[in-house]
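> So here's protein-v3.tsv, just TSV, C-alpha atoms:
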chain	number	residue	atom	x	y	z
A	1	MET	CA	0.00	0.00	0.00
A	2	LYS	CA	2.92	2.28	0.88
A	3	LEU	CA	4.49	1.51	-2.50
A	4	TYR	CA	1.28	2.35	-4.39
A	5	GLY	CA	1.04	5.61	-2.42
A	6	THR	CA	4.63	6.54	-3.29
A	7	LEU	CA	4.07	5.71	-6.97
A	8	ILE	CA	0.88	7.79	-7.16
A	9	PHE	CA	2.62	10.64	-5.34
A	10	LEU	CA	5.57	10.58	-7.78
A	11	VAL	CA	3.30	10.47	-10.85
A	12	VAL	CA	1.19	13.37	-9.51
A	13	LEU	CA	4.40	15.27	-8.67
A	14	ILE	CA	5.82	14.84	-12.17
A	15	VAL	CA	2.53	15.81	-13.88
A	16	ALA	CA	2.07	18.81	-11.56
A	17	PHE	CA	5.66	19.89	-12.19
A	18	GLY	CA	5.07	19.65	-15.96
A	19	ILE	CA	1.87	21.73	-15.78
A	20	PHE	CA	3.55	24.27	-13.49
A	21	THR	CA	6.57	24.59	-15.82
A	22	SER	CA	4.39	25.06	-18.88
A	23	ASN	CA	2.22	27.71	-17.16
A	24	PHE	CA	5.23	29.44	-15.63
A	25	LEU	CA	6.99	29.76	-18.99
A	26	THR	CA	3.83	30.98	-20.77
A	27	GLU	CA	3.06	33.57	-18.10
A	28	THR	CA	6.60	34.93	-17.82
A	29	THR	CA	6.89	35.08	-21.62
A	30	LYS	CA	3.69	37.14	-21.74
A	31	ASP	CA	5.05	39.38	-18.99
A	32	ILE	CA	8.40	40.00	-20.70
A	33	THR	CA	7.08	40.42	-24.25
A	34	SER	CA	4.04	42.51	-23.23
A	35	ASN	CA	5.65	45.80	-24.26
A	36	PHE	CA	7.42	44.50	-27.37
A	37	ASP	CA	4.65	46.08	-29.50
A	38	ASN	CA	5.43	49.44	-27.89
A	39	VAL	CA	9.13	48.95	-28.63
A	40	TYR	CA	8.30	48.06	-32.24
A	41	THR	CA	6.14	51.20	-32.65
A	42	ALA	CA	8.80	53.33	-31.00
A	43	ILE	CA	11.50	51.96	-33.38
A	44	ASN	CA	9.26	52.54	-36.40
A	45	ASN	CA	8.57	56.12	-35.24
A	46	GLU	CA	12.28	56.48	-34.54
A	47	ASN	CA	11.49	57.39	-30.95
A	48	TRP	CA	14.79	55.94	-29.75
A	49	LYS	CA	14.55	57.18	-26.19
A	50	LEU	CA	11.21	55.44	-25.65
A	51	ALA	CA	12.47	52.29	-27.40
A	52	GLN	CA	15.53	52.25	-25.12
A	53	GLN	CA	13.34	52.67	-22.01
A	54	GLN	CA	10.93	49.96	-23.08
A	55	ILE	CA	13.62	47.42	-23.98
A	56	ALA	CA	15.44	48.20	-20.70
A	57	HIS	CA	12.20	47.45	-18.86
A	58	SER	CA	11.85	44.12	-20.71
A	59	GLU	CA	15.48	43.25	-19.98
A	60	LYS	CA	14.91	43.99	-16.29
A	61	LEU	CA	11.92	41.62	-16.28
A	62	TRP	CA	13.97	38.99	-18.15
A	63	ASN	CA	16.80	39.22	-15.61
A	64	LYS	CA	14.23	38.80	-12.84
A	65	HIS	CA	12.75	35.63	-14.35
A	66	LYS	CA	15.96	34.26	-15.87
A	67	LYS	CA	17.18	32.45	-12.74
A	68	TRP	CA	14.04	30.31	-12.75
A	69	TRP	CA	14.16	29.74	-16.50
A	70	THR	CA	17.62	28.16	-16.09
A	71	VAL	CA	15.98	25.42	-14.01
A	72	PHE	CA	13.74	24.34	-16.90
A	73	ILE	CA	15.31	25.53	-20.14
A	74	ASP	CA	18.44	24.57	-22.04
A	75	HIS	CA	21.05	27.12	-20.99
A	76	GLN	CA	21.95	27.68	-24.66
A	77	GLU	CA	18.48	29.20	-25.24
A	78	ILE	CA	19.02	31.54	-22.29
A	79	ASP	CA	22.40	32.60	-23.67
A	80	ASN	CA	20.76	33.28	-27.06
A	81	ILE	CA	18.17	35.58	-25.44
A	82	ASP	CA	20.91	37.35	-23.45
A	83	MET	CA	22.86	37.94	-26.67
A	84	SER	CA	19.74	39.19	-28.41
A	85	PHE	CA	19.09	41.74	-25.65
A	86	VAL	CA	22.69	42.97	-25.90
A	87	ARG	CA	22.39	43.29	-29.70
A	88	ILE	CA	19.05	45.12	-29.73
A	89	GLY	CA	20.33	47.47	-27.03
A	90	GLU	CA	23.27	48.44	-29.24
A	91	TYR	CA	21.14	48.76	-32.41
A	92	ILE	CA	18.72	51.12	-30.62
A	93	LYS	CA	21.64	53.06	-29.14
A	94	TYR	CA	23.03	53.67	-32.63
A	95	HIS	CA	19.55	54.39	-34.05
A	96	ASN	CA	19.57	51.56	-36.59
A	97	LYS	CA	15.95	51.04	-37.52
A	98	ALA	CA	16.28	47.94	-39.73
A	99	LEU	CA	18.52	45.96	-37.40
A	100	SER	CA	16.59	46.98	-34.26
A	101	SER	CA	13.22	45.88	-35.61
A	102	GLY	CA	14.74	42.69	-37.02
A	103	GLU	CA	16.38	41.82	-33.70
A	104	LEU	CA	13.15	42.60	-31.83
A	105	VAL	CA	11.25	40.09	-33.96
A	106	VAL	CA	13.98	37.49	-33.36
A	107	LEU	CA	13.84	38.16	-29.62
A	108	LYS	CA	10.04	37.80	-29.60
A	109	GLN	CA	10.32	34.54	-31.54
A	110	SER	CA	13.02	33.27	-29.13
A	111	PHE	CA	10.67	33.85	-26.20
A	112	GLU	CA	7.56	32.45	-27.81
A	113	HIS	CA	9.07	29.25	-29.14
A	114	ILE	CA	10.30	28.13	-25.67
A	115	PRO	CA	6.84	27.61	-24.07
A	116	GLU	CA	5.74	26.10	-27.41
A	117	LYS	CA	8.51	23.49	-27.04
A	118	GLU	CA	7.11	22.46	-23.64
A	119	VAL	CA	3.51	21.96	-24.79
A	120	VAL	CA	2.33	18.34	-25.00
A	121	ASN	CA	1.45	17.86	-28.66
A	122	LEU	CA	2.20	15.37	-31.41
A	123	LYS	CA	4.84	17.63	-33.00
A	124	ASN	CA	6.85	17.83	-29.76
A	125	ILE	CA	6.41	14.14	-28.95
A	126	LEU	CA	7.66	13.06	-32.36
B	127	MET	CA	30.52	32.71	-16.57
B	128	ALA	CA	33.35	35.01	-17.58
B	129	LYS	CA	32.69	38.14	-19.59
B	130	ILE	CA	34.56	38.38	-22.85
B	131	ILE	CA	36.24	41.75	-23.08
B	132	PHE	CA	37.68	42.89	-26.40
B	133	GLY	CA	41.43	43.05	-26.42
B	134	ASP	CA	41.76	40.87	-23.35
B	135	ILE	CA	43.61	37.68	-24.27
B	136	SER	CA	42.70	35.63	-21.19
B	137	ILE	CA	39.00	34.97	-21.70
B	138	ILE	CA	38.40	32.86	-18.60
B	139	SER	CA	40.40	33.65	-15.47
B	140	LYS	CA	41.78	30.94	-13.15
B	141	PRO	CA	39.21	31.18	-10.29
B	142	GLU	CA	36.42	30.84	-12.85
B	143	VAL	CA	37.95	27.62	-14.17
B	144	ILE	CA	37.90	26.26	-10.62
B	145	VAL	CA	34.25	27.34	-10.24
B	146	PHE	CA	33.42	25.53	-13.49
B	147	MET	CA	35.05	22.34	-12.19
B	148	LEU	CA	33.18	22.75	-8.89
B	149	LEU	CA	29.95	23.10	-10.86
B	150	LEU	CA	30.69	19.82	-12.63
B	151	ILE	CA	31.45	18.11	-9.31
B	152	ILE	CA	28.21	19.36	-7.70
B	153	ARG	CA	26.09	18.35	-10.72
B	154	THR	CA	27.79	14.95	-10.88
B	155	ALA	CA	27.22	14.38	-7.15
B	156	ILE	CA	23.49	15.28	-7.44
B	157	LEU	CA	22.98	13.00	-10.46
B	158	TYR	CA	25.00	10.20	-8.86
B	159	LEU	CA	22.70	10.34	-5.81
B	160	ALA	CA	19.64	10.37	-8.08
B	161	VAL	CA	20.89	7.29	-9.96
B	162	VAL	CA	21.79	5.45	-6.72
B	163	LEU	CA	18.32	6.15	-5.30
B	164	ALA	CA	16.66	5.07	-8.55
B	165	MET	CA	18.68	1.84	-8.62
B	166	LYS	CA	17.85	1.20	-4.96
B	167	ALA	CA	14.16	1.64	-5.70
B	168	MET	CA	14.50	-0.97	-8.44
B	169	GLY	CA	15.24	-3.63	-5.83
B	170	LYS	CA	18.04	-6.04	-5.08
B	171	ARG	CA	19.28	-7.62	-8.27
B	172	GLN	CA	22.74	-8.36	-9.58
B	173	VAL	CA	23.51	-6.99	-13.03
B	174	GLY	CA	23.85	-10.51	-14.42
B	175	GLN	CA	20.44	-11.46	-13.08
B	176	LEU	CA	18.54	-8.56	-14.59
B	177	GLN	CA	15.50	-9.22	-16.70
B	178	PRO	CA	15.63	-7.60	-20.17
B	179	PHE	CA	13.24	-4.82	-19.14
B	180	GLU	CA	15.37	-4.12	-16.04
B	181	LEU	CA	18.54	-3.95	-18.13
B	182	VAL	CA	16.85	-1.37	-20.36
B	183	VAL	CA	16.13	0.73	-17.26
B	184	VAL	CA	19.78	0.53	-16.11
B	185	ILE	CA	21.10	1.57	-19.53
B	186	THR	CA	18.52	4.36	-19.92
B	187	ILE	CA	19.11	5.82	-16.46
B	188	SER	CA	22.90	5.81	-16.83
B	189	ALA	CA	22.71	7.44	-20.27
B	190	MET	CA	20.36	10.15	-19.02
B	191	ALA	CA	22.57	10.92	-16.04
B	192	ALA	CA	25.72	11.00	-18.18
B	193	ILE	CA	24.30	13.62	-20.56
B	194	ALA	CA	23.55	16.12	-17.79
B	195	MET	CA	26.83	15.33	-16.00
B	196	GLU	CA	29.03	16.30	-18.93
B	197	ASP	CA	26.92	19.13	-20.37
B	198	VAL	CA	26.37	21.97	-17.91
B	199	GLY	CA	24.03	23.60	-20.43
B	200	VAL	CA	21.39	20.97	-19.79
B	201	PRO	CA	19.18	21.76	-16.78
B	202	LEU	CA	19.36	19.10	-14.05
B	203	VAL	CA	15.60	18.60	-14.07
B	204	ASN	CA	15.84	17.49	-17.71
B	205	SER	CA	17.72	14.45	-16.41
B	206	ILE	CA	16.15	13.99	-12.99
B	207	ILE	CA	12.52	13.98	-14.23
B	208	PRO	CA	13.16	11.26	-16.87
B	209	ILE	CA	15.12	9.22	-14.30
B	210	ILE	CA	12.18	9.38	-11.86
B	211	THR	CA	9.75	8.59	-14.71
B	212	VAL	CA	11.75	5.54	-15.82
B	213	MET	CA	12.02	4.39	-12.21
B	214	VAL	CA	8.25	4.75	-11.68
B	215	LEU	CA	7.55	2.86	-14.92
B	216	GLN	CA	9.96	0.12	-13.90
B	217	VAL	CA	8.29	-0.29	-10.48
B	218	ILE	CA	4.82	-0.34	-12.14
B	219	LEU	CA	6.02	-2.98	-14.61
B	220	SER	CA	7.50	-5.04	-11.75
B	221	LEU	CA	4.17	-4.86	-9.90
B	222	ILE	CA	2.29	-5.97	-13.02
B	223	ASN	CA	4.84	-8.77	-13.36
B	224	LEU	CA	4.22	-9.77	-9.78
B	225	LYS	CA	0.44	-9.82	-10.06
B	226	SER	CA	-0.12	-11.33	-13.50
B	227	GLU	CA	1.46	-14.49	-14.84
B	228	LYS	CA	0.27	-13.66	-18.35
B	229	ALA	CA	2.03	-10.29	-18.21
B	230	ARG	CA	5.14	-12.01	-16.84
B	231	GLY	CA	5.20	-14.25	-19.91
B	232	ILE	CA	5.00	-11.23	-22.22
B	233	ILE	CA	7.42	-8.94	-20.36
B	234	CYS	CA	10.03	-11.43	-19.14
B	235	GLY	CA	9.42	-14.30	-21.53
B	236	LYS	CA	9.37	-17.95	-20.50
B	237	PRO	CA	12.24	-20.28	-19.60
B	238	SER	CA	13.39	-22.41	-22.54
B	239	ILE	CA	14.29	-26.06	-22.22
B	240	VAL	CA	17.34	-26.65	-24.41
B	241	VAL	CA	18.27	-30.11	-23.15
B	242	GLU	CA	15.38	-32.43	-22.39
B	243	ASN	CA	15.83	-35.99	-21.12
B	244	GLY	CA	19.51	-35.86	-22.11
B	245	LYS	CA	18.81	-34.69	-25.68
B	246	ILE	CA	19.52	-31.25	-27.15
B	247	VAL	CA	16.33	-29.59	-28.36
B	248	GLU	CA	17.46	-28.25	-31.73
B	249	GLU	CA	14.32	-26.24	-32.50
B	250	GLU	CA	14.57	-24.39	-29.21
B	251	LEU	CA	18.25	-23.56	-29.80
B	252	ARG	CA	17.37	-22.28	-33.28
B	253	ARG	CA	14.50	-20.21	-31.89
B	254	LEU	CA	16.79	-18.66	-29.26
B	255	ARG	CA	19.54	-18.16	-31.90
B	256	ILE	CA	22.05	-19.93	-29.64
B	257	ASN	CA	24.58	-22.28	-31.19
B	258	VAL	CA	25.76	-25.54	-29.63
B	259	ASN	CA	29.14	-23.99	-28.77
B	260	ASP	CA	27.45	-21.30	-26.69
B	261	LEU	CA	25.40	-23.96	-24.94
B	262	LEU	CA	28.50	-26.05	-24.20
B	263	GLU	CA	30.33	-22.97	-22.97
B	264	GLN	CA	27.53	-22.09	-20.56
B	265	MET	CA	27.44	-25.70	-19.34
B	266	ARG	CA	31.20	-25.70	-18.76
B	267	SER	CA	30.82	-22.55	-16.67
B	268	LYS	CA	28.38	-24.58	-14.54
B	269	ASN	CA	30.98	-27.38	-14.20
B	270	TYR	CA	29.30	-29.77	-16.65
B	271	PHE	CA	31.90	-30.69	-19.24
B	272	ASN	CA	30.08	-33.62	-20.80
B	273	ILE	CA	26.65	-33.10	-22.28
B	274	ALA	CA	25.95	-36.80	-21.72
B	275	ASP	CA	25.87	-36.04	-17.94
B	276	VAL	CA	23.00	-33.58	-18.33
B	277	GLU	CA	19.34	-34.53	-17.99
B	278	TYR	CA	17.85	-31.04	-18.34
B	279	ALA	CA	19.25	-27.64	-19.26
B	280	ILE	CA	17.02	-24.59	-19.08
B	281	PHE	CA	17.71	-21.07	-20.29
B	282	GLU	CA	16.13	-18.83	-17.69
B	283	THR	CA	14.43	-15.56	-18.60
B	284	ASN	CA	17.43	-13.56	-17.31
B	285	GLY	CA	19.77	-15.42	-19.70
B	286	GLN	CA	21.29	-17.75	-17.09
B	287	LEU	CA	21.50	-21.48	-17.73
B	288	SER	CA	20.15	-23.90	-15.11
B	289	VAL	CA	21.43	-27.47	-15.37
B	290	ILE	CA	19.95	-30.62	-13.84
B	291	PRO	CA	22.44	-33.52	-14.11
B	292	LYS	CA	21.49	-37.15	-14.59
B	293	SER	CA	20.81	-38.75	-11.21
B	294	GLN	CA	23.90	-40.96	-11.51
B	295	LYS	CA	26.11	-37.94	-12.17
B	296	ARG	CA	25.00	-35.62	-9.42
B	297	ALA	CA	26.85	-35.12	-6.11
B	298	VAL	CA	26.06	-37.62	-3.36
B	299	GLN	CA	23.69	-36.27	-0.72
B	300	PRO	CA	23.67	-37.44	2.96
B	301	GLU	CA	20.13	-38.65	2.29
B	302	ASP	CA	21.44	-41.06	-0.41
B	303	LEU	CA	23.76	-42.63	2.18
B	304	GLN	CA	21.05	-42.51	4.86
B	305	ILE	CA	23.26	-40.43	7.15
B	306	GLU	CA	21.58	-38.37	9.87
B	307	THR	CA	22.61	-34.72	9.87
B	308	LYS	CA	22.27	-32.08	12.56
B	309	TYR	CA	20.29	-28.88	12.08
B	310	GLU	CA	22.40	-26.16	10.49
B	311	GLY	CA	20.93	-22.71	10.76
B	312	LEU	CA	22.36	-19.31	10.10
B	313	PRO	CA	25.20	-18.20	12.42
B	314	THR	CA	24.43	-15.00	14.31
B	315	THR	CA	26.91	-12.15	14.01
B	316	LEU	CA	27.69	-10.75	17.46
B	317	ILE	CA	30.67	-8.42	17.01
B	318	ILE	CA	31.89	-6.56	13.94
B	319	ASP	CA	35.02	-4.41	14.20
B	320	GLY	CA	34.82	-4.21	18.00
B	321	LYS	CA	31.15	-3.19	18.04
B	322	VAL	CA	28.52	-5.47	19.60
B	323	ASN	CA	25.36	-6.11	17.60
B	324	TYR	CA	22.82	-5.85	20.44
B	325	ASN	CA	19.84	-6.60	18.17
B	326	ASN	CA	21.29	-10.00	17.23
B	327	LEU	CA	22.18	-10.74	20.87
B	328	LYS	CA	18.60	-9.96	21.89
B	329	LYS	CA	17.22	-12.20	19.13
B	330	ILE	CA	19.02	-15.24	20.57
B	331	ASN	CA	18.09	-14.30	24.16
B	332	LEU	CA	21.65	-13.49	25.24
B	333	ASP	CA	23.25	-10.33	26.59
B	334	GLU	CA	26.55	-8.49	26.63
B	335	ASN	CA	27.53	-10.00	30.00
B	336	TRP	CA	27.30	-13.51	28.55
B	337	LEU	CA	29.45	-12.40	25.61
B	338	LYS	CA	32.04	-10.84	27.94
B	339	THR	CA	32.15	-13.98	30.10
B	340	GLU	CA	32.60	-16.22	27.05
B	341	LEU	CA	35.37	-14.03	25.62
B	342	SER	CA	37.14	-13.79	28.99
B	343	LYS	CA	37.46	-17.59	28.94
B	344	PHE	CA	39.81	-17.06	25.98
B	345	GLY	CA	41.71	-14.25	27.68
B	346	ILE	CA	39.88	-11.40	25.95
B	347	ASN	CA	38.76	-8.77	28.44
B	348	ASP	CA	37.89	-5.97	26.06
B	349	ILE	CA	35.24	-6.44	23.36
B	350	ARG	CA	36.95	-3.74	21.27
B	351	GLU	CA	39.85	-6.19	20.74
B	352	VAL	CA	37.55	-8.48	18.73
B	353	PHE	CA	37.36	-7.94	14.98
B	354	PHE	CA	34.58	-10.44	14.33
B	355	ALA	CA	32.54	-12.86	16.46
B	356	SER	CA	29.60	-15.09	15.62
B	357	LEU	CA	27.61	-17.85	17.26
B	358	ASP	CA	26.37	-20.82	15.26
B	359	THR	CA	23.22	-22.85	15.91
B	360	LEU	CA	25.24	-25.56	17.65
B	361	GLY	CA	26.39	-23.02	20.25
B	362	ASN	CA	29.96	-22.66	18.98
B	363	LEU	CA	31.42	-19.19	19.39
B	364	PHE	CA	33.75	-18.13	16.62
B	365	PHE	CA	35.90	-15.04	17.05
B	366	GLN	CA	38.90	-13.33	15.60
B	367	THR	CA	40.89	-10.58	17.31
B	368	LYS	CA	42.15	-7.45	15.62
B	369	LYS	CA	45.69	-7.53	14.28
B	370	ALA	CA	46.51	-3.84	14.39
B	371	PRO	CA	46.20	-2.46	17.95
B	372	SER	CA	46.05	1.10	16.60
B	373	ARG	CA	42.71	0.36	14.98
B	374	ARG	CA	41.01	-0.46	18.29
Now that the file is in, can you turn its structure into structure tokens?

Amino acid sequence: MKLYGTLIFLVVLIVAFGIFTSNFLTETTKDITSNFDNVYTAINNENWKLAQQQIAHSEKLWNKHKKWWTVFIDHQEIDNIDMSFVRIGEYIKYHNKALSSGELVVLKQSFEHIPEKEVVNLKNIL
Amino acid sequence: MAKIIFGDISIISKPEVIVFMLLLIIRTAILYLAVVLAMKAMGKRQVGQLQPFELVVVITISAMAAIAMEDVGVPLVNSIIPIITVMVLQVILSLINLKSEKARGIICGKPSIVVENGKIVEEELRRLRINVNDLLEQMRSKNYFNIADVEYAIFETNGQLSVIPKSQKRAVQPEDLQIETKYEGLPTTLIIDGKVNYNNLKKINLDENWLKTELSKFGINDIREVFFASLDTLGNLFFQTKKAPSRR
């Protein structure tokens, strides 16, 4: 009976951990990328000061959540996002519209594809 | 990790190399403990006695642990969760095996008789894809050098060969000679490395005073001098004193 209890507990723990991870990644991604549209508009309007402020805010949020992401996500992905933040920061600093908007889209994609990778679907299983 | 600064030749400084090594040691220690616990949960089996499905678990767990040990970029949970999952599945499969004989036949297979009534069963050997040389080799490892001495040989589900010799070729038993034998139980360990096992003493309704009195008869006044002592079911006390006094 004790063995059955332990098995059920472990299965529930693993499933709960999976659900928690998936929700955590989705929520934090939403949180970090919430003002990406504002950054995009600011870059398009060449409002570099606002773009810099907005991306700095996103980077602050990313740094806050990053330590937990390292628990679940391949550290290479985290390094890629870090590099992307550094690049977009420099592109905005030097007022490069094309590279800034391009890097922003890449950064958004980098964030969004991570929770997608954790979702239980046929594509990820296969 | 170290920051790469342009124009600086040394990319990673010495203390950071040490930290990286420490990181590897900590990760390895955590995964090692996870694997040991998983193996312990699997139960007491020798590697050679593992069923095929148990061997798969051993290989899978070790491979999963090795990946996260050598690659610090892989989160530990990516290894620990699959290890726990495989362990849970293995325990579930063992329970199914325990409860259902039908499932046992599917999961573990059935023992195969390869020598029956002194004759090699060719079809069975062919089915198992085992040649006669392999069979003879396994028999030799069981101390049967002549196939004519064997009545039955059975390949067990864990790959081991069980051999039943012909009745004329087996070792003589006291029963064959109608010799009465005394009861031989398990000897009880009383002292290991100078430390008394009180639980065992209690089980056989004896105490430390009795042990001290018995040892004093042989000139041993301090239990710590004894390296090992046991009592067999016939009441014989066996003991051995320590050789190195410094280890007392």
> Determine which residues of chain B sit within 6 Å of chain A, taking into account all atoms listed in the file, and present them as a list of chain:residue names.
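Taking all atoms listed in the file into account, B:Gly199, B:Val200, B:Pro201 sit within 6 Å of chain A.
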> Return the single residue from A:Asn63, A:Thr29, A:Asn44, A:Asn35 that is closest to Ser100 in chain A, with distances computed using only C-alpha atoms.
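Answer, going by the shortest atom-to-atom distance: A:Asn44.
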> Pull the closest atom pair for each residue of range 145-222 of chain B that gets at most 7 Å from range 266-287 of chain B, along with the distance in Å to one decimal, counting only C-alpha atoms, ordering rows by chain and then ascending residue number, as JSON lines.

{"residue": "B:Gln175", "atom": "CA", "partner": "B:Asn284", "partner_atom": "CA", "distance": 5.6}
{"residue": "B:Leu176", "atom": "CA", "partner": "B:Asn284", "partner_atom": "CA", "distance": 5.8}
{"residue": "B:Gln177", "atom": "CA", "partner": "B:Asn284", "partner_atom": "CA", "distance": 4.8}
{"residue": "B:Pro178", "atom": "CA", "partner": "B:Asn284", "partner_atom": "CA", "distance": 6.9}
> Just the number, please: distance in Å from CA of Phe179 in chain B to CA of Ser220 in chain B, one decimal.
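Distance between the two atoms: 9.4 Å.
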> Determine, counting all atoms listed in the file, which protein, DNA and RNA residues have an atom within 6 Å of an atom of range 184-191 of chain B; residues of the same chain fewer than 6 positions away are not included. Present the result as a list in words.
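Listed by chain and then number, they are Leu157, Ser205 and Ile209 of chain B.
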> To one decimal in Å, tell me the separation between CA of Ile318 in chain B and CA of Ser356 in chain B.
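Atom-to-atom, CA of Ile318 in chain B to CA of Ser356 in chain B, that is 9.0 Å.
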> Neighbouring residues of Lys49 in chain A were defined as those with any atom within 10 Å, considering only C-alpha atoms; residues of the same chain fewer than 5 positions away were excluded. Please report them as a PDB file with C-alpha atoms, in the coordinates of the input.

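Contents of out_34.pdb, freshly written:
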ATOM      1  CA  ALA A  42       8.800  53.330 -31.000  1.00  0.00           C
ATOM      2  CA  ILE A  43      11.500  51.960 -33.380  1.00  0.00           C
ATOM      3  CA  GLN A  54      10.930  49.960 -23.080  1.00  0.00           C
ATOM      4  CA  ILE A  92      18.720  51.120 -30.620  1.00  0.00           C
ATOM      5  CA  LYS A  93      21.640  53.060 -29.140  1.00  0.00           C
ATOM      6  CA  HIS A  95      19.550  54.390 -34.050  1.00  0.00           C
TER       7      HIS A  95
END
> Excluding Pro115 in chain A and its own-chain neighbours fewer than 2 positions away, which residues fall within 7 Å of it when counting all atoms listed in the file? Please give them as a ChimeraX atom specification.
/A:22,25-26,112-113,117-119
> For CA of Lys123 in chain A and CA of Val198 in chain B, quote the distance in Å rounded to one decimal.
26.6 Å
> Skipping near chain neighbours, those fewer than 3 positions away, what residues fall within 12 Å of His57 in chain A using only C-alpha atoms, listed as number ranges by chain?
A: 31-36, 38-39, 50-54, 60-64, 85, 89
> Near Leu332 in chain B, within 12 Å and counting all atoms listed in the file, which residues show up once chain neighbours fewer than 3 positions away are dropped, as a PyMOL selection string?
chain B and resi 314+316+322-329+335-340+357+361
> Would you mind telling me which residue in B:Ile210, B:Val203, B:Ile218, B:Leu150 lies nearest to Val162 in chain B when using all atoms listed in the file?
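Counting all atoms listed in the file, the residue closest to Val162 in chain B is B:Ile210.
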> From the options B:Ile346, B:Val217, B:Ala194, B:Leu312, which residue's atoms come nearest to Asp358 in chain B, counting all atoms listed in the file?
B:Leu312
> May I have the centre and edge lengths, in Å to one decimal, of an axis-aligned box around the listed atoms of range 76-89 of chain A with 8 Å added to every side, as JSON?

{"center_x": 20.5, "center_y": 37.6, "center_z": -26.0, "size_x": 20.7, "size_y": 35.8, "size_z": 23.4}
> Rank nothing, just name the residue among B:Val298, B:Ile233, B:Met213, B:Ala192 nearest to Ala155 in chain B, using all atoms listed in the file.
B:Ala192
> Measuring atom to atom with all atoms listed in the file, identify which of A:Phe24, A:Phe9, A:Trp48, A:Tyr40 is nearest to Lys108 in chain A.
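The shortest atom-to-atom distance to Lys108 in chain A comes from A:Tyr40.
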> Output range 241-257 of chain B as a compact mmCIF listing (two decimals), in the coordinates of the input, making sure N, CA and C atoms are there.

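selection_27.txt written:
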# COMPACT_ATOMS: atom_id res chain seq x y z
N VAL B 241 17.91 -28.69 -23.22
CA VAL B 241 18.27 -30.11 -23.15
C VAL B 241 17.15 -30.81 -22.38
N GLU B 242 16.52 -31.76 -23.02
CA GLU B 242 15.38 -32.43 -22.39
C GLU B 242 15.63 -33.94 -22.42
N ASN B 243 15.56 -34.55 -21.26
CA ASN B 243 15.83 -35.99 -21.12
C ASN B 243 17.16 -36.39 -21.79
N GLY B 244 18.16 -35.57 -21.60
CA GLY B 244 19.51 -35.86 -22.11
C GLY B 244 19.70 -35.56 -23.58
N LYS B 245 18.67 -34.97 -24.24
CA LYS B 245 18.81 -34.69 -25.68
C LYS B 245 18.69 -33.19 -25.93
N ILE B 246 19.57 -32.69 -26.80
CA ILE B 246 19.52 -31.25 -27.15
C ILE B 246 18.28 -30.99 -27.98
N VAL B 247 17.54 -29.96 -27.61
CA VAL B 247 16.33 -29.59 -28.36
C VAL B 247 16.74 -28.58 -29.43
N GLU B 248 16.93 -29.08 -30.64
CA GLU B 248 17.46 -28.25 -31.73
C GLU B 248 16.57 -27.06 -32.07
N GLU B 249 15.26 -27.31 -32.12
CA GLU B 249 14.32 -26.24 -32.50
C GLU B 249 14.41 -25.06 -31.52
N GLU B 250 14.53 -25.43 -30.25
CA GLU B 250 14.57 -24.39 -29.21
C GLU B 250 15.86 -23.56 -29.34
N LEU B 251 16.97 -24.26 -29.62
CA LEU B 251 18.25 -23.56 -29.80
C LEU B 251 18.17 -22.61 -30.99
N ARG B 252 17.52 -23.10 -32.08
CA ARG B 252 17.37 -22.28 -33.28
C ARG B 252 16.51 -21.05 -32.98
N ARG B 253 15.42 -21.30 -32.23
CA ARG B 253 14.50 -20.21 -31.89
C ARG B 253 15.21 -19.13 -31.03
N LEU B 254 16.07 -19.60 -30.14
CA LEU B 254 16.79 -18.66 -29.26
C LEU B 254 18.03 -18.07 -29.94
N ARG B 255 18.34 -18.56 -31.14
CA ARG B 255 19.54 -18.16 -31.90
C ARG B 255 20.80 -18.37 -31.06
N ILE B 256 20.87 -19.54 -30.43
CA ILE B 256 22.05 -19.93 -29.64
C ILE B 256 22.66 -21.15 -30.31
N ASN B 257 23.96 -21.11 -30.57
CA ASN B 257 24.58 -22.28 -31.19
C ASN B 257 25.06 -23.28 -30.13
